[in-house]
file target_18.csv (CSV, C-alpha atoms)
chain,number,residue,atom,x,y,z
N,1,MET,CA,4.7,-14.5,-2.5
N,2,PRO,CA,2.4,-16.9,-0.7
N,3,ILE,CA,-0.2,-18.8,-2.7
N,4,PHE,CA,-3.5,-17.5,-1.6
N,5,PRO,CA,-6.1,-20.1,-0.6
N,6,GLN,CA,-9.7,-19.1,-1.0
N,7,ASN,CA,-11.2,-18.5,2.4
N,8,PRO,CA,-13.9,-15.9,2.1
N,9,ASP,CA,-15.7,-14.6,5.2
N,10,PRO,CA,-19.5,-14.2,4.5
N,11,ARG,CA,-19.8,-11.9,7.5
N,12,SER,CA,-17.9,-9.2,5.6
N,13,LEU,CA,-21.0,-8.8,3.3
N,14,THR,CA,-23.3,-7.8,6.1
N,15,PRO,CA,-24.8,-4.4,5.1
N,16,ARG,CA,-23.4,-1.5,7.1
N,17,PRO,CA,-24.9,2.0,7.4
N,18,ALA,CA,-23.2,4.6,5.1
N,19,ASP,CA,-22.2,6.7,8.1
N,20,ASP,CA,-20.0,3.8,9.3
N,21,LEU,CA,-18.1,3.7,6.0
N,22,LEU,CA,-15.3,5.8,4.5
N,23,SER,CA,-16.3,7.8,1.4
N,24,ALA,CA,-16.1,5.9,-1.9
N,25,GLY,CA,-13.7,8.7,-3.0
N,26,THR,CA,-11.1,7.6,-0.4
N,27,ARG,CA,-7.6,7.3,-1.8
N,28,MET,CA,-4.2,6.4,-0.3
N,29,GLY,CA,-1.8,9.3,0.1
N,30,ALA,CA,2.0,9.2,0.3
N,31,VAL,CA,3.9,6.7,2.5
N,32,GLU,CA,6.7,8.1,4.6
N,33,LEU,CA,9.8,6.0,5.0
N,34,LEU,CA,12.4,6.7,7.6
N,35,VAL,CA,15.8,6.0,6.1
N,36,ALA,CA,19.4,5.8,7.1
N,37,ASP,CA,21.0,6.7,3.8
N,38,LEU,CA,18.9,9.3,1.9
N,39,ASP,CA,21.3,9.4,-1.2
N,40,THR,CA,21.2,5.7,-1.7
N,41,MET,CA,17.4,5.5,-1.3
N,42,LEU,CA,16.9,8.4,-3.6
N,43,ALA,CA,19.0,6.8,-6.3
N,44,TYR,CA,17.0,3.6,-6.1
N,45,TYR,CA,13.6,5.1,-6.3
N,46,THR,CA,14.5,7.6,-9.1
N,47,ASP,CA,17.1,5.6,-11.2
N,48,ALA,CA,15.5,2.2,-10.8
N,49,VAL,CA,11.8,2.7,-10.0
N,50,THR,CA,11.6,5.8,-12.2
N,51,LEU,CA,9.9,8.1,-9.6
N,52,GLU,CA,10.7,11.8,-9.8
N,53,VAL,CA,12.0,14.1,-7.1
N,54,LEU,CA,9.1,16.6,-6.5
N,55,ALA,CA,10.8,18.4,-3.6
N,56,HIS,CA,14.0,18.0,-1.7
N,57,ALA,CA,15.0,20.0,1.4
N,58,GLY,CA,17.6,19.0,3.9
N,59,ASP,CA,16.9,15.5,5.2
N,60,THR,CA,13.5,15.0,3.4
N,61,ALA,CA,12.7,14.2,-0.2
N,62,VAL,CA,9.3,13.9,-1.8
N,63,LEU,CA,9.0,11.5,-4.8
N,64,GLY,CA,6.2,10.9,-7.3
N,65,ARG,CA,5.1,11.1,-10.9
N,66,ASP,CA,3.3,13.7,-12.8
N,67,GLY,CA,3.1,15.9,-9.7
N,68,ARG,CA,1.5,13.2,-7.6
N,69,THR,CA,3.2,12.3,-4.4
N,70,VAL,CA,3.9,8.6,-3.8
N,71,LEU,CA,6.8,8.5,-1.3
N,72,ARG,CA,8.3,10.8,1.3
N,73,LEU,CA,11.8,9.8,2.4
N,74,ARG,CA,13.1,11.3,5.7
N,75,GLN,CA,16.6,10.6,6.9
N,76,VAL,CA,16.8,9.7,10.6
N,77,ARG,CA,20.3,8.3,11.2
N,78,GLU,CA,19.9,7.4,14.9
N,79,LEU,CA,17.1,4.8,14.5
N,80,PRO,CA,17.8,1.1,14.4
N,81,PRO,CA,16.7,-1.1,11.5
N,82,ALA,CA,13.2,-2.6,11.6
N,83,ARG,CA,13.2,-6.2,12.9
N,84,ARG,CA,11.7,-8.8,10.5
N,85,GLY,CA,9.0,-9.9,12.8
N,86,GLN,CA,7.8,-6.5,14.0
N,87,ALA,CA,4.6,-4.8,12.9
N,88,GLY,CA,5.0,-2.2,10.2
N,89,LEU,CA,5.5,-2.1,6.4
N,90,PHE,CA,5.2,-5.2,4.2
N,91,HIS,CA,5.3,-3.2,1.0
N,92,THR,CA,4.4,0.1,-0.6
N,93,ALA,CA,2.5,-0.4,-3.9
N,94,VAL,CA,3.0,2.0,-6.8
N,95,LEU,CA,0.1,1.8,-9.3
N,96,PHE,CA,0.8,2.4,-13.0
N,97,GLU,CA,-1.9,3.3,-15.5
N,98,ASP,CA,-1.4,0.4,-17.9
N,99,GLU,CA,0.9,-2.5,-18.9
N,100,PRO,CA,3.3,-0.5,-21.0
N,101,ALA,CA,3.9,2.0,-18.2
N,102,LEU,CA,4.5,-0.8,-15.7
N,103,ALA,CA,6.8,-2.6,-18.2
N,104,ALA,CA,8.9,0.6,-18.6
N,105,ALA,CA,9.4,0.7,-14.8
N,106,LEU,CA,10.1,-3.0,-14.6
N,107,ALA,CA,12.7,-2.7,-17.3
N,108,SER,CA,14.3,0.2,-15.5
N,109,VAL,CA,14.6,-1.8,-12.2
N,110,ALA,CA,15.9,-4.8,-14.2
N,111,ALA,CA,18.7,-2.7,-15.7
N,112,VAL,CA,19.6,-0.7,-12.6
N,113,ALA,CA,18.9,-2.9,-9.6
N,114,PRO,CA,18.1,-6.5,-10.8
N,115,ARG,CA,19.0,-8.1,-7.5
N,116,SER,CA,16.2,-6.2,-5.7
N,117,PHE,CA,13.6,-8.3,-7.5
N,118,THR,CA,11.8,-10.7,-5.1
N,119,GLY,CA,8.9,-12.1,-7.1
N,120,SER,CA,5.8,-11.5,-9.2
N,121,ALA,CA,2.2,-12.6,-9.3
N,122,ASP,CA,-1.0,-12.4,-11.4
N,123,HIS,CA,-3.6,-11.6,-8.8
N,124,LEU,CA,-6.5,-11.8,-11.4
N,125,TYR,CA,-7.5,-8.2,-10.7
N,126,SER,CA,-3.9,-6.9,-11.0
N,127,GLN,CA,-0.4,-7.8,-12.3
N,128,ALA,CA,2.4,-7.2,-9.8
N,129,PHE,CA,6.1,-7.3,-9.5
N,130,TYR,CA,7.9,-7.2,-6.1
N,131,PHE,CA,11.2,-5.8,-4.9
N,132,ASP,CA,13.1,-4.8,-1.8
N,133,ASP,CA,14.7,-1.4,-1.7
N,134,PRO,CA,18.3,-1.0,-0.4
N,135,GLU,CA,17.1,-0.8,3.2
N,136,GLY,CA,14.8,-3.8,3.0
N,137,ASN,CA,11.5,-2.0,2.5
N,138,GLY,CA,9.1,-4.0,0.3
N,139,VAL,CA,8.0,-2.3,-3.0
N,140,GLU,CA,5.3,-3.5,-5.3
N,141,LEU,CA,4.9,-2.1,-8.9
N,142,TYR,CA,1.6,-3.1,-10.4
N,143,THR,CA,-1.2,-2.3,-12.8
N,144,ASP,CA,-4.9,-3.1,-12.5
N,145,ARG,CA,-7.0,-5.0,-14.9
N,146,PRO,CA,-10.4,-3.3,-15.8
N,147,ARG,CA,-12.7,-3.4,-12.9
N,148,ASP,CA,-15.5,-5.1,-14.9
N,149,THR,CA,-13.2,-8.2,-15.4
N,150,TRP,CA,-12.6,-8.7,-11.6
N,151,ARG,CA,-14.0,-12.1,-10.5
N,152,ARG,CA,-16.2,-12.6,-7.4
N,153,GLU,CA,-17.0,-15.5,-5.2
N,154,ALA,CA,-20.6,-16.6,-4.7
N,155,ASN,CA,-20.9,-14.3,-1.6
N,156,GLY,CA,-19.6,-11.3,-3.4
N,157,LEU,CA,-16.0,-11.2,-2.2
N,158,LEU,CA,-13.3,-10.7,-4.8
N,159,THR,CA,-11.6,-13.8,-6.1
N,160,LEU,CA,-7.9,-13.6,-5.2
N,161,ALA,CA,-5.0,-15.6,-6.6
N,162,SER,CA,-1.2,-15.6,-6.9
N,163,ASN,CA,-0.7,-17.1,-10.3
N,164,PRO,CA,2.7,-17.2,-12.0
N,165,LEU,CA,3.7,-14.0,-13.9
N,166,ASP,CA,6.9,-14.2,-15.9
N,167,PRO,CA,8.8,-10.9,-16.0
N,168,THR,CA,10.6,-11.7,-19.3
N,169,SER,CA,7.3,-12.6,-21.0
N,170,PHE,CA,5.6,-9.5,-19.6
N,171,LEU,CA,8.4,-7.3,-20.9
N,172,SER,CA,8.4,-8.9,-24.3
N,173,GLU,CA,4.6,-8.3,-24.7
N,174,HIS,CA,4.3,-4.8,-23.2
N,175,LEU,CA,7.6,-2.9,-23.3
N,176,ARG,CA,7.3,0.0,-25.8
N,177,GLU,CA,10.5,1.8,-25.0
N,178,PRO,CA,13.8,1.1,-26.8
N,179,ALA,CA,16.3,-0.9,-24.9
N,180,GLY,CA,18.1,1.3,-22.4
N,181,ALA,CA,15.9,4.4,-23.0
N,182,ARG,CA,14.6,6.4,-20.1
N,183,PRO,CA,10.9,5.9,-20.1
N,184,ALA,CA,8.5,8.8,-20.3
N,185,ALA,CA,6.7,9.6,-17.1
N,186,PRO,CA,3.0,8.5,-17.3
N,187,PRO,CA,1.0,9.1,-14.1
N,188,ALA,CA,1.7,6.8,-11.2
N,189,THR,CA,0.0,6.8,-7.8
N,190,LEU,CA,0.2,5.2,-4.4
N,191,GLY,CA,-2.3,2.4,-5.1
N,192,HIS,CA,-2.2,0.6,-1.8
N,193,VAL,CA,-0.2,-0.1,1.4
N,194,HIS,CA,0.4,-3.5,2.8
N,195,LEU,CA,1.1,-3.7,6.5
N,196,GLN,CA,2.4,-6.4,8.8
N,197,VAL,CA,0.3,-6.6,12.0
N,198,GLY,CA,0.2,-8.9,15.0
N,199,ASP,CA,-3.4,-10.1,14.8
N,200,ILE,CA,-5.9,-10.2,11.9
N,201,PRO,CA,-9.1,-10.0,14.0
N,202,GLN,CA,-7.7,-7.0,15.9
N,203,GLY,CA,-6.7,-5.4,12.6
N,204,ARG,CA,-10.2,-6.0,11.3
N,205,ARG,CA,-11.8,-4.4,14.3
N,206,PHE,CA,-9.7,-1.2,13.9
N,207,TYR,CA,-9.5,-0.7,10.2
N,208,VAL,CA,-13.0,-2.0,9.3
N,209,ASP,CA,-15.2,-1.6,12.3
N,210,VAL,CA,-13.7,1.7,13.4
N,211,LEU,CA,-12.1,3.4,10.4
N,212,GLY,CA,-14.8,2.3,8.0
N,213,PHE,CA,-13.0,0.3,5.3
N,214,GLU,CA,-14.8,-2.6,3.8
N,215,VAL,CA,-13.5,-6.2,3.5
N,216,MET,CA,-12.8,-7.2,-0.1
N,217,SER,CA,-10.9,-10.5,0.5
N,218,ASP,CA,-10.1,-12.5,3.7
N,219,ILE,CA,-7.8,-15.4,3.5
N,220,GLY,CA,-7.3,-15.9,7.3
N,221,SER,CA,-3.6,-14.8,7.5
N,222,ALA,CA,-4.3,-11.7,5.5
N,223,LEU,CA,-7.1,-9.2,5.1
N,224,PHE,CA,-7.6,-6.9,2.1
N,225,ILE,CA,-9.8,-3.8,2.7
N,226,ALA,CA,-10.8,-0.8,0.6
N,227,ALA,CA,-13.3,2.0,0.1
N,228,GLY,CA,-15.5,2.4,-2.9
N,229,GLY,CA,-15.1,-1.1,-4.2
N,230,TYR,CA,-11.4,-1.1,-5.0
N,231,HIS,CA,-9.6,-4.5,-4.6
N,232,HIS,CA,-7.6,-3.1,-1.6
N,233,HIS,CA,-6.3,0.2,-0.3
N,234,ILE,CA,-4.7,-1.5,2.7
N,235,GLY,CA,-3.6,-5.1,3.1
N,236,LEU,CA,-2.9,-6.6,6.6
N,237,ASN,CA,-1.0,-9.8,7.1
N,238,THR,CA,0.6,-11.9,9.8
N,239,TRP,CA,2.9,-13.9,7.6
N,240,HIS,CA,6.1,-12.8,9.5
N,241,SER,CA,4.5,-10.8,12.4
N,242,ALA,CA,1.9,-13.0,14.1
N,243,GLY,CA,1.7,-12.0,17.8
N,244,ALA,CA,3.7,-8.8,17.3
N,245,GLY,CA,3.0,-6.0,19.8
N,246,PRO,CA,3.2,-2.2,19.3
N,247,ARG,CA,6.1,-1.0,17.2
N,248,ALA,CA,9.2,0.4,18.7
N,249,ALA,CA,10.8,3.3,16.9
N,250,SER,CA,12.9,2.1,14.0
N,251,LEU,CA,13.8,2.7,10.4
N,252,GLY,CA,11.2,1.8,7.8
N,253,LEU,CA,7.6,2.9,7.9
N,254,GLY,CA,7.1,6.4,9.2
N,255,GLN,CA,3.5,7.1,8.5
N,256,VAL,CA,0.6,6.2,6.2
N,257,ASN,CA,-1.5,8.9,4.6
N,258,ILE,CA,-5.1,8.6,3.7
N,259,ASP,CA,-6.8,11.2,1.5
N,260,LEU,CA,-10.6,11.8,1.9
N,261,PRO,CA,-12.7,13.9,-0.4
N,262,THR,CA,-14.0,16.6,2.0
N,263,ALA,CA,-13.4,18.1,5.5
N,264,GLU,CA,-16.8,16.7,6.4
N,265,ASP,CA,-15.5,13.1,5.7
N,266,VAL,CA,-12.5,13.8,8.0
N,267,ALA,CA,-14.8,15.1,10.7
N,268,ALA,CA,-17.0,12.0,10.5
N,269,LEU,CA,-14.0,9.8,10.8
N,270,GLN,CA,-12.8,11.7,13.9
N,271,ALA,CA,-16.2,11.3,15.4
N,272,ARG,CA,-16.1,7.5,14.9
N,273,LEU,CA,-12.6,7.4,16.4
N,274,THR,CA,-13.7,9.4,19.4
N,275,ASP,CA,-16.7,7.1,19.9
N,276,HIS,CA,-14.3,4.2,20.0
N,277,ARG,CA,-12.0,6.0,22.4
N,278,VAL,CA,-9.1,6.2,19.9
N,279,PRO,CA,-6.9,9.2,20.8
N,280,THR,CA,-6.6,11.7,17.9
N,281,ARG,CA,-4.8,15.0,17.2
N,282,HIS,CA,-6.2,17.5,14.7
N,283,ASP,CA,-4.1,20.6,13.9
N,284,GLY,CA,-6.7,22.2,11.7
N,285,ALA,CA,-5.3,20.6,8.5
N,286,VAL,CA,-4.8,16.9,9.2
N,287,LEU,CA,-6.1,14.2,11.6
N,288,ARG,CA,-3.5,12.0,13.2
N,289,PHE,CA,-3.8,8.8,15.2
N,290,GLU,CA,-2.1,5.4,15.7
N,291,ASP,CA,-3.3,1.9,14.9
N,292,PRO,CA,-3.0,-0.8,17.5
N,293,TRP,CA,0.6,-1.4,16.5
N,294,ASN,CA,1.7,2.3,16.8
N,295,THR,CA,1.6,2.8,13.1
N,296,LEU,CA,1.0,6.6,12.6
N,297,ILE,CA,-1.9,7.4,10.2
N,298,GLN,CA,-2.5,10.8,8.9
N,299,VAL,CA,-5.8,11.7,7.2
N,300,GLY,CA,-6.5,14.9,5.3
N,301,VAL,CA,-8.5,16.3,2.4
N,302,ALA,CA,-7.2,15.3,-1.0
N,303,ALA,CA,-5.5,18.1,-2.9
call {"tool": "encode", "arguments": {"input": "target_18.csv", "output": "structure tokens"}}
result
Amino acid sequence: MPIFPQNPDPRSLTPRPADDLLSAGTRMGAVELLVADLDTMLAYYTDAVTLEVLAHAGDTAVLGRDGRTVLRLRQVRELPPARRGQAGLFHTAVLFEDEPALAAALASVAAVAPRSFTGSADHLYSQAFYFDDPEGNGVELYTDRPRDTWRREANGLLTLASNPLDPTSFLSEHLREPAGARPAAPPATLGHVHLQVGDIPQGRRFYVDVLGFEVMSDIGSALFIAAGGYHHHIGLNTWHSAGAGPRAASLGLGQVNIDLPTAEDVAALQARLTDHRVPTRHDGAVLRFEDPWNTLIQVGVAA
């Protein structure tokens, strides 16, 4: 993972009217991945990552924990693999409730798919371990530190770091399950989604100025945005994708889901999108639209 220099943008702290912001109760919904080999991907996310199959019908499987959907895998054999430099998914981030729950999942991946490990980092507000699934989609498994311990810069933006985090030491300190035991299934949710985009200022205009997220950290080549003061619900970076245009159809990211508390919140977002001439579709249940890189976003009311 890149070492994050501190480059806060004071402009992000300019007060904004409440009507221009997403509700503080906004949460990320499931991420849909378009996959070539559903059986292999199911095995990775269940046997290694320890997600559970909540539903499976034909070419689609829904995965999560404790009844909460985290991922939707949809097999689409005819699509080509995603190119490294195109816009799309950087990683899907699964949030565990505490260090022992994260350690149990980490131990499972280490036992089942150790070569999928790509790195780890202490971000000050969270502790994170990174992997690539069998089709090259990034996966983050993480837990948050208590919110009252998060550090802030003088201008109010969150302090962000990428400090060393040793997996072996983390397991030694936090693993509660016997070696080789299948961990219990404490709740896990889709904590955030990190996207590759072609241009950070353009991403900021869309996700912050139009959608209504707030900037939490800005390091130039990456932007971290959230609702309700979270460290980030969405990350945007250009580390491999600077200058990328709209996405062509490919395997990898299918759609990103955002859950809002009420139908009124969805209607307010649709009004903002209409004001900014962003085409939308609303079928009576969910609102759909694309970001500037053709990433499909679906917004509905949280169950």
call {"tool": "residues_around", "arguments": {"input": "target_18.csv", "residues": "N:Gly29", "least_positions_apart": "2", "cutoff": "8 Å", "atoms": "only C-alpha atoms", "output": "ChimeraX atom specification"}}
result
/N:27,31,69-70,190,256-259
call {"tool": "closest_residue", "arguments": {"input": "target_18.csv", "among": "N:Thr40, N:Asp275, N:Gln270, N:Ser169", "to": "N:Gln298", "atoms": "all atoms listed in the file"}}
result
N:Gln270
call {"tool": "closest_residue", "arguments": {"input": "target_18.csv", "among": "N:Leu160, N:Pro81, N:Asn237, N:Glu290", "to": "N:Pro201", "atoms": "only C-alpha atoms"}}
result
N:Asn237
call {"tool": "residues_around", "arguments": {"input": "target_18.csv", "residues": "N:Gly191", "least_positions_apart": "2", "cutoff": "10 Å", "atoms": "only C-alpha atoms", "output": "ChimeraX atom specification"}}
result
/N:27-30,70,92-96,140-144,188-189,193,230,232-234
call {"tool": "residues_around", "arguments": {"input": "target_18.csv", "residues": "N:Leu54", "least_positions_apart": "4", "cutoff": "7 Å", "atoms": "all atoms listed in the file", "output": "count of residues only"}}
result
4
call {"tool": "residues_around", "arguments": {"input": "target_18.csv", "residues": "stretch 280-283 of chain N", "least_positions_apart": "3", "cutoff": "12 Å", "atoms": "all atoms listed in the file", "output": "tab-separated table (two decimals) with C-alpha atoms, in the coordinates of the input"}}
result
chain	number	residue	atom	x	y	z
N	263	ALA	CA	-13.40	18.10	5.50
N	266	VAL	CA	-12.50	13.80	8.00
N	267	ALA	CA	-14.80	15.10	10.70
N	269	LEU	CA	-14.00	9.80	10.80
N	270	GLN	CA	-12.80	11.70	13.90
N	271	ALA	CA	-16.20	11.30	15.40
N	272	ARG	CA	-16.10	7.50	14.90
N	273	LEU	CA	-12.60	7.40	16.40
N	274	THR	CA	-13.70	9.40	19.40
N	275	ASP	CA	-16.70	7.10	19.90
N	276	HIS	CA	-14.30	4.20	20.00
N	277	ARG	CA	-12.00	6.00	22.40
N	286	VAL	CA	-4.80	16.90	9.20
N	287	LEU	CA	-6.10	14.20	11.60
N	288	ARG	CA	-3.50	12.00	13.20
N	289	PHE	CA	-3.80	8.80	15.20
N	290	GLU	CA	-2.10	5.40	15.70
N	291	ASP	CA	-3.30	1.90	14.90
N	296	LEU	CA	1.00	6.60	12.60
N	297	ILE	CA	-1.90	7.40	10.20
N	298	GLN	CA	-2.50	10.80	8.90
N	299	VAL	CA	-5.80	11.70	7.20
N	300	GLY	CA	-6.50	14.90	5.30
call {"tool": "atom_distance", "arguments": {"input": "target_18.csv", "atom1": "atom CA of N:Leu251", "atom2": "atom CA of N:Leu51"}}
result
21.1 Å
call {"tool": "closest_residue", "arguments": {"input": "target_18.csv", "among": "N:Gly229, N:Gly284, N:Gly88, N:Gly198", "to": "N:Glu32", "atoms": "all atoms listed in the file"}}
result
N:Gly88
call {"tool": "closest_residue", "arguments": {"input": "target_18.csv", "among": "N:Glu97, N:Glu153, N:Asp20, N:Asp218", "to": "N:Gly203", "atoms": "all atoms listed in the file"}}
result
N:Asp218
call {"tool": "atom_distance", "arguments": {"input": "target_18.csv", "atom1": "atom CA of N:Leu89", "atom2": "atom CA of N:Ile219"}}
result
19.0 Å
call {"tool": "residues_near_point", "arguments": {"input": "target_18.csv", "point": "(17.7, 3.7, 10.2)", "cutoff": "8 Å", "atoms": "only C-alpha atoms", "output": "list in words"}}
result
Leu34, Val35, Ala36, Asp37, Gln75, Val76, Arg77, Glu78, Leu79, Pro80, Pro81, Ala82, Ser250, Leu251 and Gly252 of chain N
call {"tool": "closest_residue", "arguments": {"input": "target_18.csv", "among": "N:Gly245, N:Gly138, N:Pro146, N:Pro167", "to": "N:Leu106", "atoms": "all atoms listed in the file"}}
result
N:Pro167
call {"tool": "atom_distance", "arguments": {"input": "target_18.csv", "atom1": "atom CA of N:Thr46", "atom2": "atom CA of N:Gln255"}}
result
20.8 Å
call {"tool": "residues_around", "arguments": {"input": "target_18.csv", "residues": "N:Thr50", "least_positions_apart": "6", "cutoff": "12 Å", "atoms": "all atoms listed in the file", "output": "ChimeraX atom specification"}}
result
/N:42-44,63-66,70,94,96,101-113,141,181-188
call {"tool": "closest_residue", "arguments": {"input": "target_18.csv", "among": "N:Asp122, N:His231, N:Gln127, N:Phe206", "to": "N:Arg147", "atoms": "all atoms listed in the file"}}
result
N:His231
call {"tool": "residues_near_point", "arguments": {"input": "target_18.csv", "point": "(-3.0, 18.3, -3.4)", "cutoff": "9 Å", "atoms": "all atoms listed in the file", "output": "list in words"}}
result
Arg68, Thr69, Val301, Ala302 and Ala303 of chain N
call {"tool": "decode", "arguments": {"input": "target_18.csv", "residues": "stretch 19-27 of chain N", "atoms": "all heavy atoms", "output": "mmCIF file, in the first residue's frame"}}
result
data_model
loop_
_atom_site.group_PDB
_atom_site.id
_atom_site.type_symbol
_atom_site.label_atom_id
_atom_site.label_comp_id
_atom_site.auth_asym_id
_atom_site.auth_seq_id
_atom_site.Cartn_x
_atom_site.Cartn_y
_atom_site.Cartn_z
ATOM 1 N N ASP N 19 -29.141 20.432 3.113
ATOM 2 C CA ASP N 19 -29.841 19.888 1.945
ATOM 3 C C ASP N 19 -28.876 19.411 0.864
ATOM 4 O O ASP N 19 -29.279 18.680 -0.037
ATOM 5 C CB ASP N 19 -30.788 20.931 1.348
ATOM 6 C CG ASP N 19 -32.005 21.180 2.233
ATOM 7 O OD1 ASP N 19 -32.231 20.379 3.166
ATOM 8 O OD2 ASP N 19 -32.719 22.173 1.988
ATOM 9 N N ASP N 20 -27.622 19.852 0.929
ATOM 10 C CA ASP N 20 -26.628 19.446 -0.064
ATOM 11 C C ASP N 20 -25.869 18.190 0.355
ATOM 12 O O ASP N 20 -24.999 17.715 -0.383
ATOM 13 C CB ASP N 20 -25.613 20.570 -0.294
ATOM 14 C CG ASP N 20 -26.215 21.766 -1.016
ATOM 15 O OD1 ASP N 20 -27.304 21.601 -1.609
ATOM 16 O OD2 ASP N 20 -25.611 22.841 -0.980
ATOM 17 N N LEU N 21 -26.173 17.665 1.538
ATOM 18 C CA LEU N 21 -25.428 16.533 2.082
ATOM 19 C C LEU N 21 -26.291 15.286 2.158
ATOM 20 O O LEU N 21 -27.513 15.358 2.335
ATOM 21 C CB LEU N 21 -24.921 16.863 3.493
ATOM 22 C CG LEU N 21 -23.949 18.025 3.625
ATOM 23 C CD1 LEU N 21 -23.654 18.293 5.104
ATOM 24 C CD2 LEU N 21 -22.667 17.755 2.858
ATOM 25 N N LEU N 22 -25.645 14.130 2.053
ATOM 26 C CA LEU N 22 -26.322 12.874 2.324
ATOM 27 C C LEU N 22 -26.613 12.759 3.815
ATOM 28 O O LEU N 22 -25.900 13.331 4.654
ATOM 29 C CB LEU N 22 -25.450 11.697 1.886
ATOM 30 C CG LEU N 22 -25.265 11.509 0.376
ATOM 31 C CD1 LEU N 22 -24.215 10.443 0.113
ATOM 32 C CD2 LEU N 22 -26.590 11.135 -0.285
ATOM 33 N N SER N 23 -27.644 12.023 4.151
ATOM 34 C CA SER N 23 -28.001 11.816 5.550
ATOM 35 C C SER N 23 -26.843 11.205 6.329
ATOM 36 O O SER N 23 -26.065 10.395 5.801
ATOM 37 C CB SER N 23 -29.210 10.875 5.632
ATOM 38 O OG SER N 23 -29.392 10.389 6.944
ATOM 39 N N ALA N 24 -26.741 11.587 7.599
ATOM 40 C CA ALA N 24 -25.718 11.003 8.462
ATOM 41 C C ALA N 24 -25.913 9.503 8.633
ATOM 42 O O ALA N 24 -24.983 8.786 9.016
ATOM 43 C CB ALA N 24 -25.742 11.689 9.829
ATOM 44 N N GLY N 25 -27.104 9.004 8.344
ATOM 45 C CA GLY N 25 -27.380 7.574 8.439
ATOM 46 C C GLY N 25 -27.052 6.786 7.192
ATOM 47 O O GLY N 25 -27.388 5.594 7.105
ATOM 48 N N THR N 26 -26.398 7.406 6.230
ATOM 49 C CA THR N 26 -26.016 6.716 4.997
ATOM 50 C C THR N 26 -25.048 5.573 5.302
ATOM 51 O O THR N 26 -24.122 5.725 6.099
ATOM 52 C CB THR N 26 -25.364 7.707 4.023
ATOM 53 O OG1 THR N 26 -26.315 8.736 3.694
ATOM 54 C CG2 THR N 26 -24.900 7.017 2.751
ATOM 55 N N ARG N 27 -25.252 4.439 4.631
ATOM 56 C CA ARG N 27 -24.356 3.296 4.754
ATOM 57 C C ARG N 27 -24.119 2.695 3.365
ATOM 58 O O ARG N 27 -24.921 2.879 2.463
ATOM 59 C CB ARG N 27 -24.952 2.209 5.672
ATOM 60 C CG ARG N 27 -25.187 2.655 7.102
ATOM 61 C CD ARG N 27 -23.887 2.900 7.843
ATOM 62 N NE ARG N 27 -24.127 3.275 9.237
ATOM 63 C CZ ARG N 27 -24.236 4.522 9.660
ATOM 64 N NH1 ARG N 27 -24.161 5.533 8.793
ATOM 65 N NH2 ARG N 27 -24.439 4.791 10.940
#
